[in-house]
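Here's query35.txt, which has compact mmCIF, C-alpha atoms:
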```
# COMPACT_ATOMS: atom_id res chain seq x y z
CA MET C 9 33.69 49.73 145.00
CA ASN C 10 34.72 47.99 148.17
CA VAL C 11 32.33 45.16 149.12
CA ASN C 12 32.69 43.54 152.53
CA GLY C 13 36.28 44.71 152.74
CA ARG C 14 37.27 43.51 149.26
CA SER C 15 37.97 45.76 146.32
CA GLU C 16 35.71 44.89 143.38
CA GLN C 17 36.08 46.27 139.87
CA PHE C 18 33.63 45.58 137.07
CA PRO C 19 31.75 47.39 134.31
CA ALA C 20 28.24 48.31 135.40
CA GLN C 21 25.33 48.62 133.01
CA PRO C 22 23.57 52.01 133.20
CA ASN C 23 20.35 50.45 134.53
CA GLU C 24 21.91 47.76 136.75
CA LEU C 25 20.66 47.80 140.33
CA LEU C 26 23.04 47.26 143.22
CA VAL C 27 21.01 44.28 144.45
CA GLU C 28 21.50 42.59 141.05
CA ARG C 29 25.25 43.15 141.13
CA LEU C 30 25.53 41.84 144.68
CA ARG C 31 23.43 38.73 144.10
CA GLU C 32 24.16 37.80 140.49
CA GLY C 33 27.51 39.44 139.84
CA LEU C 34 29.21 38.80 143.19
CA GLY C 35 27.24 35.81 144.49
CA LEU C 36 26.23 37.55 147.73
CA THR C 37 22.77 36.03 147.97
CA GLY C 38 22.13 36.99 151.60
CA THR C 39 20.79 40.26 150.20
CA LYS C 40 17.28 39.25 149.18
CA VAL C 41 14.94 40.52 146.47
CA GLY C 42 11.40 40.77 147.77
CA CYS C 43 9.39 43.52 146.15
CA ASP C 44 11.74 45.33 143.72
CA THR C 45 10.07 48.59 144.79
CA GLY C 46 11.88 49.48 148.03
CA GLN C 47 8.96 48.66 150.29
CA CYS C 48 9.89 45.36 151.95
CA GLY C 49 13.47 45.93 153.16
CA THR C 50 14.83 42.48 152.33
CA CYS C 51 17.53 44.07 150.17
CA VAL C 52 18.97 46.44 152.81
CA VAL C 53 22.74 46.81 152.79
CA ARG C 54 25.04 49.44 154.24
CA LEU C 55 26.38 51.98 151.77
CA ASP C 56 29.16 54.06 153.33
CA GLY C 57 27.80 53.10 156.76
CA LYS C 58 24.15 53.97 156.14
CA SER C 59 21.45 51.38 155.59
CA VAL C 60 19.92 51.64 152.11
CA LYS C 61 17.60 49.55 149.97
CA SER C 62 19.84 48.13 147.28
CA CYS C 63 16.92 47.59 144.89
CA LEU C 64 16.65 51.39 144.62
CA ILE C 65 20.37 52.13 144.07
CA LEU C 66 22.04 51.98 140.69
CA THR C 67 25.32 50.07 140.83
CA ALA C 68 27.11 52.89 139.02
CA SER C 69 26.03 55.37 141.70
CA ALA C 70 27.79 53.23 144.33
CA ALA C 71 31.16 53.45 142.54
CA GLY C 72 33.91 54.28 144.99
CA SER C 73 31.71 53.44 147.96
CA GLU C 74 32.01 50.98 150.82
CA VAL C 75 29.23 48.38 150.63
CA THR C 76 28.53 45.95 153.45
CA THR C 77 26.13 43.05 152.98
CA ILE C 78 24.93 40.54 155.55
CA GLU C 79 27.86 38.32 154.52
CA GLY C 80 30.19 41.07 155.72
CA VAL C 81 28.56 41.36 159.16
CA THR C 82 30.44 39.10 161.51
CA THR C 83 32.71 39.18 164.50
CA PRO C 84 36.45 38.57 164.01
CA GLY C 85 36.00 34.97 165.21
CA GLY C 86 33.06 34.36 162.90
CA GLU C 87 30.44 34.30 165.67
CA LEU C 88 27.10 36.03 165.47
CA THR C 89 27.13 39.75 166.21
CA GLY C 90 25.45 41.00 169.37
CA LEU C 91 22.32 41.93 167.43
CA GLN C 92 22.17 38.60 165.61
CA GLU C 93 22.59 36.68 168.87
CA ALA C 94 19.97 38.83 170.62
CA LEU C 95 17.49 38.23 167.79
CA ARG C 96 18.20 34.49 168.03
CA GLN C 97 17.68 34.49 171.81
CA GLU C 98 14.42 36.43 171.51
CA HIS C 99 13.14 34.29 168.60
CA GLY C 100 13.12 37.30 166.27
CA THR C 101 14.04 35.45 163.10
CA GLN C 102 11.28 32.92 162.29
CA CYS C 103 11.54 31.98 158.57
CA GLY C 104 14.60 34.20 158.07
CA PHE C 105 13.77 35.76 154.70
CA CYS C 106 13.58 39.30 156.08
CA THR C 107 16.29 38.79 158.70
CA PRO C 108 19.33 39.93 156.66
CA GLY C 109 17.66 43.23 155.79
CA MET C 110 16.55 43.74 159.38
CA VAL C 111 20.03 43.00 160.71
CA MET C 112 21.53 45.53 158.30
CA ALA C 113 19.00 48.26 159.15
CA LEU C 114 18.75 47.60 162.89
CA GLY C 115 22.51 47.12 163.15
CA GLU C 116 22.88 50.78 162.24
CA LEU C 117 20.50 51.68 165.08
CA VAL C 118 22.35 49.50 167.61
CA ASP C 119 25.72 50.89 166.47
CA SER C 120 24.49 54.47 166.72
CA THR C 121 23.33 53.99 170.31
CA ALA C 122 26.32 52.00 171.61
CA GLY C 123 27.57 53.63 174.78
CA GLY C 124 24.67 56.07 174.78
CA GLU C 125 21.01 56.04 175.61
CA ALA C 126 19.17 52.95 174.39
CA PRO C 127 16.40 53.57 171.86
CA THR C 128 12.84 53.46 173.08
CA GLU C 129 10.35 50.92 171.82
CA PRO C 130 8.70 53.51 169.52
CA GLU C 131 12.14 54.42 168.10
CA ILE C 132 12.90 50.76 167.40
CA ARG C 133 9.52 50.32 165.72
CA GLU C 134 10.19 53.44 163.63
CA TRP C 135 13.42 51.83 162.36
CA LEU C 136 11.42 48.72 161.51
CA THR C 137 8.92 50.57 159.29
CA GLY C 138 10.94 49.85 156.16
CA ASN C 139 11.26 46.11 156.86
CA LEU C 140 8.26 43.86 156.34
CA CYS C 141 7.94 40.56 158.18
CA ARG C 142 5.00 38.21 157.95
CA CYS C 143 6.18 35.79 160.65
CA THR C 144 7.30 37.50 163.85
CA GLY C 145 4.75 40.23 164.50
CA TYR C 146 7.81 42.37 165.39
CA HIS C 147 7.44 41.86 169.17
CA SER C 148 10.38 39.49 169.42
CA VAL C 149 12.43 41.66 167.05
CA VAL C 150 11.88 44.68 169.32
CA ARG C 151 12.92 42.60 172.35
CA GLY C 152 16.01 41.45 170.46
CA VAL C 153 17.04 45.02 169.68
CA GLN C 154 16.45 45.99 173.31
CA ARG C 155 18.65 43.08 174.40
CA ALA C 156 21.39 44.01 171.92
CA CYS C 157 21.34 47.67 172.95
CA ALA C 158 21.47 46.73 176.62
CA ALA C 159 24.46 44.47 175.98
CA ALA C 160 26.21 47.16 173.90
CA GLY C 161 25.66 49.64 176.74
CA GLY C 162 27.16 47.27 179.31
CA GLU C 163 23.80 46.56 180.95
CA GLU C 164 22.88 42.99 181.81
CA PRO C 165 20.78 41.95 178.78
CA ALA C 166 18.45 39.65 180.71
CA GLU C 167 17.52 42.49 183.09
CA ALA C 168 16.87 44.88 180.23
CA VAL C 169 14.61 42.43 178.42
CA THR C 170 12.83 41.45 181.65
CA ALA C 171 12.15 45.12 182.36
CA ALA C 172 10.99 45.66 178.80
CA ALA C 173 8.78 42.56 178.95
CA GLY C 174 6.52 44.33 181.44
CA GLN C 175 5.84 47.02 178.84
CA GLU C 176 3.19 46.60 176.21
CA VAL C 177 4.76 45.54 172.92
```
The structure given in the file should be rewritten as structure tokens.
Amino acid sequence: MNVNGRSEQFPAQPNELLVERLREGLGLTGTKVGCDTGQCGTCVVRLDGKSVKSCLILTASAAGSEVTTIEGVTTPGGELTGLQEALRQEHGTQCGFCTPGMVMALGELVDSTAGGEAPTEPEIREWLTGNLCRCTGYHSVVRGVQRACAAAGGEEPAEAVTAAAGQEV
């Protein structure tokens, strides 16, 4: 498989989960293990461009695939991505345990709307249903996604967030 742009070859055990391979086999510990049942979202990675819960994917089933973890999400200069920066500005990270999974899942949403219509608050909250956070209450995460989508669409982020701030979150 290709992980964060690097070809990786290894024997996989029949019952080995992708999250185990990423964390223990490849040392990519940004992908977290929270519940081991696919409910919390801390283990979300991108598999061939789609966000998936790596605690539910067998490593062998990802053979030949492109896997992107939080370690592989960066700008060419190593700065935060637009979504990461927007979450930082809106205080949508708190303790940070769930943040990598949220960035991987919500990054797909932001990417899919770039240059198009920004997602509505209910659409953003729908994308968040698979990611549990005990710290933020999701309000600041929603504002961060709105800011990131506005910036990706060429809109002035501060105006977009100010307009959104008047809405009930």
May I have the protein, DNA and RNA residues with any atom at most 12 Å from the point (17.2, 38.2, 170.5), counting all atoms listed in the file, written as a count of residues only? 36
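For the atom pair formed by CA of Thr39 (chain C) and CA of Cys51 (chain C), the distance is 5.0 Å, given to one decimal.
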Build an axis-aligned box that encloses every atom of region 62-73 of chain C listed in the file, pad it by 6 Å on each side, and report its centre and edge lengths in Å to one decimal, as AutoDock Vina command-line options.
```
--center_x 25.3 --center_y 51.5 --center_z 143.5 --size_x 29.3 --size_y 19.8 --size_z 20.9
```
Between CA of Gly13 (chain C) and CA of Asn139 (chain C), what is the distance in Å, rounded to a tenth?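 Atom-to-atom, CA of Gly13 (chain C) and CA of Asn139 (chain C) are spaced 25.4 Å apart.
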What does the distance between CA of Gly109 (chain C) and CA of Glu134 (chain C) come to in Å, to one decimal place?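 Atom-to-atom, CA of Gly109 (chain C) and CA of Glu134 (chain C) are spaced 14.9 Å apart.
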Can you work out which one of C:Cys141, C:Leu64, C:Val52, C:Leu136 has the shortest atom-to-atom distance to Cys103 (chain C), counting all atoms listed in the file?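 Of C:Cys141, C:Leu64, C:Val52, C:Leu136, the one nearest Cys103 (chain C) is C:Cys141, counting all atoms listed in the file.
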Give me, as a PDB file with C-alpha atoms, in the frame of the given file, all polymer residues having an atom no more than 12 Å from Gln17 (chain C), counting only C-alpha atoms and skipping those fewer than 2 positions away in the same chain.
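Dumped everything to around.pdb:
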```
ATOM      1  CA  MET C   9      33.690  49.730 145.000  1.00  0.00           C
ATOM      2  CA  ASN C  10      34.720  47.990 148.170  1.00  0.00           C
ATOM      3  CA  VAL C  11      32.330  45.160 149.120  1.00  0.00           C
ATOM      4  CA  ARG C  14      37.270  43.510 149.260  1.00  0.00           C
ATOM      5  CA  SER C  15      37.970  45.760 146.320  1.00  0.00           C
ATOM      6  CA  PRO C  19      31.750  47.390 134.310  1.00  0.00           C
ATOM      7  CA  ALA C  20      28.240  48.310 135.400  1.00  0.00           C
ATOM      8  CA  ARG C  29      25.250  43.150 141.130  1.00  0.00           C
ATOM      9  CA  GLY C  33      27.510  39.440 139.840  1.00  0.00           C
ATOM     10  CA  LEU C  34      29.210  38.800 143.190  1.00  0.00           C
ATOM     11  CA  THR C  67      25.320  50.070 140.830  1.00  0.00           C
ATOM     12  CA  ALA C  68      27.110  52.890 139.020  1.00  0.00           C
ATOM     13  CA  ALA C  70      27.790  53.230 144.330  1.00  0.00           C
ATOM     14  CA  ALA C  71      31.160  53.450 142.540  1.00  0.00           C
ATOM     15  CA  GLY C  72      33.910  54.280 144.990  1.00  0.00           C
ATOM     16  CA  SER C  73      31.710  53.440 147.960  1.00  0.00           C
TER      17      SER C  73
END
```
Counting all atoms listed in the file, which residues come within 12 Å of (21.4, 57.0, 164.5), with the point read in the file's coordinates, and could you list them as a list in words?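 Within 12 Å of (21.4, 57.0, 164.5), the protein and nucleic acid residues are Gly57, Lys58, Ser59, Ala113, Leu114, Gly115, Glu116, Leu117, Val118, Asp119, Ser120, Thr121, Ala122, Gly124, Glu125, Ala126, Pro127, Glu131, Ile132, Glu134 and Trp135 of chain C.
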Nearest candidate to Glu28 (chain C) (options C:Val60, C:Cys43, C:Ile65, C:Cys48; using all atoms listed in the file):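 Checking each of C:Val60, C:Cys43, C:Ile65, C:Cys48 against Glu28 (chain C), counting all atoms listed in the file, the winner is C:Ile65.
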So, with only C-alpha atoms as the atoms that count, which of C:Arg133, C:Arg54, C:Arg142, C:Lys61 lies closest to Asn12 (chain C)?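 Distance minimum relative to Asn12 (chain C) lands on C:Arg54.
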Min atom-atom distance to Thr45 (chain C) from the set C:Gly80, C:Gly138, C:Gly145, C:Gly86, counting all atoms listed in the file, belongs to C:Gly138
Missing atoms in region 141-163 of chain C should be modelled up to N, CA and C atoms and reported as a PDB file, in the frame of the given file.
```
ATOM      1  N   CYS C 141       7.812  41.932 157.721  1.00  0.00           N
ATOM      2  CA  CYS C 141       7.940  40.560 158.180  1.00  0.00           C
ATOM      3  C   CYS C 141       6.547  39.995 158.369  1.00  0.00           C
ATOM      4  N   ARG C 142       6.321  38.825 157.823  1.00  0.00           N
ATOM      5  CA  ARG C 142       5.000  38.210 157.950  1.00  0.00           C
ATOM      6  C   ARG C 142       4.967  37.169 159.057  1.00  0.00           C
ATOM      7  N   CYS C 143       6.119  36.887 159.677  1.00  0.00           N
ATOM      8  CA  CYS C 143       6.180  35.790 160.650  1.00  0.00           C
ATOM      9  C   CYS C 143       6.220  36.232 162.104  1.00  0.00           C
ATOM     10  N   THR C 144       7.009  37.239 162.442  1.00  0.00           N
ATOM     11  CA  THR C 144       7.300  37.500 163.850  1.00  0.00           C
ATOM     12  C   THR C 144       6.309  38.406 164.549  1.00  0.00           C
ATOM     13  N   GLY C 145       5.600  39.253 163.836  1.00  0.00           N
ATOM     14  CA  GLY C 145       4.750  40.230 164.500  1.00  0.00           C
ATOM     15  C   GLY C 145       5.573  41.337 165.136  1.00  0.00           C
ATOM     16  N   TYR C 146       6.872  41.333 164.947  1.00  0.00           N
ATOM     17  CA  TYR C 146       7.810  42.370 165.390  1.00  0.00           C
ATOM     18  C   TYR C 146       8.069  42.401 166.895  1.00  0.00           C
ATOM     19  N   HIS C 147       7.243  41.795 167.722  1.00  0.00           N
ATOM     20  CA  HIS C 147       7.440  41.860 169.170  1.00  0.00           C
ATOM     21  C   HIS C 147       8.800  41.295 169.567  1.00  0.00           C
ATOM     22  N   SER C 148       9.113  40.117 169.063  1.00  0.00           N
ATOM     23  CA  SER C 148      10.380  39.490 169.420  1.00  0.00           C
ATOM     24  C   SER C 148      11.567  40.220 168.793  1.00  0.00           C
ATOM     25  N   VAL C 149      11.362  40.868 167.676  1.00  0.00           N
ATOM     26  CA  VAL C 149      12.430  41.660 167.050  1.00  0.00           C
ATOM     27  C   VAL C 149      12.731  42.872 167.938  1.00  0.00           C
ATOM     28  N   VAL C 150      11.695  43.528 168.422  1.00  0.00           N
ATOM     29  CA  VAL C 150      11.880  44.680 169.320  1.00  0.00           C
ATOM     30  C   VAL C 150      12.627  44.235 170.572  1.00  0.00           C
ATOM     31  N   ARG C 151      12.223  43.106 171.149  1.00  0.00           N
ATOM     32  CA  ARG C 151      12.920  42.600 172.350  1.00  0.00           C
ATOM     33  C   ARG C 151      14.382  42.277 172.026  1.00  0.00           C
ATOM     34  N   GLY C 152      14.638  41.743 170.852  1.00  0.00           N
ATOM     35  CA  GLY C 152      16.010  41.450 170.460  1.00  0.00           C
ATOM     36  C   GLY C 152      16.862  42.702 170.356  1.00  0.00           C
ATOM     37  N   VAL C 153      16.310  43.758 169.790  1.00  0.00           N
ATOM     38  CA  VAL C 153      17.040  45.020 169.680  1.00  0.00           C
ATOM     39  C   VAL C 153      17.278  45.594 171.072  1.00  0.00           C
ATOM     40  N   GLN C 154      16.274  45.511 171.936  1.00  0.00           N
ATOM     41  CA  GLN C 154      16.450  45.990 173.310  1.00  0.00           C
ATOM     42  C   GLN C 154      17.565  45.219 174.007  1.00  0.00           C
ATOM     43  N   ARG C 155      17.601  43.919 173.809  1.00  0.00           N
ATOM     44  CA  ARG C 155      18.650  43.080 174.400  1.00  0.00           C
ATOM     45  C   ARG C 155      20.016  43.472 173.850  1.00  0.00           C
ATOM     46  N   ALA C 156      20.107  43.653 172.548  1.00  0.00           N
ATOM     47  CA  ALA C 156      21.390  44.010 171.920  1.00  0.00           C
ATOM     48  C   ALA C 156      21.874  45.376 172.389  1.00  0.00           C
ATOM     49  N   CYS C 157      20.962  46.328 172.491  1.00  0.00           N
ATOM     50  CA  CYS C 157      21.340  47.670 172.950  1.00  0.00           C
ATOM     51  C   CYS C 157      21.774  47.646 174.401  1.00  0.00           C
ATOM     52  N   ALA C 158      21.093  46.846 175.210  1.00  0.00           N
ATOM     53  CA  ALA C 158      21.470  46.730 176.620  1.00  0.00           C
ATOM     54  C   ALA C 158      22.878  46.138 176.731  1.00  0.00           C
ATOM     55  N   ALA C 159      23.143  45.103 175.945  1.00  0.00           N
ATOM     56  CA  ALA C 159      24.460  44.470 175.980  1.00  0.00           C
ATOM     57  C   ALA C 159      25.539  45.434 175.483  1.00  0.00           C
ATOM     58  N   ALA C 160      25.236  46.198 174.437  1.00  0.00           N
ATOM     59  CA  ALA C 160      26.210  47.160 173.900  1.00  0.00           C
ATOM     60  C   ALA C 160      26.482  48.275 174.887  1.00  0.00           C
ATOM     61  N   GLY C 161      25.504  48.583 175.738  1.00  0.00           N
ATOM     62  CA  GLY C 161      25.660  49.640 176.740  1.00  0.00           C
ATOM     63  C   GLY C 161      26.228  49.123 178.049  1.00  0.00           C
ATOM     64  N   GLY C 162      26.577  47.838 178.111  1.00  0.00           N
ATOM     65  CA  GLY C 162      27.160  47.270 179.310  1.00  0.00           C
ATOM     66  C   GLY C 162      26.142  46.841 180.349  1.00  0.00           C
ATOM     67  N   GLU C 163      24.869  46.977 180.034  1.00  0.00           N
ATOM     68  CA  GLU C 163      23.800  46.560 180.950  1.00  0.00           C
ATOM     69  C   GLU C 163      23.619  45.061 180.817  1.00  0.00           C
TER      70      GLU C 163
END
```
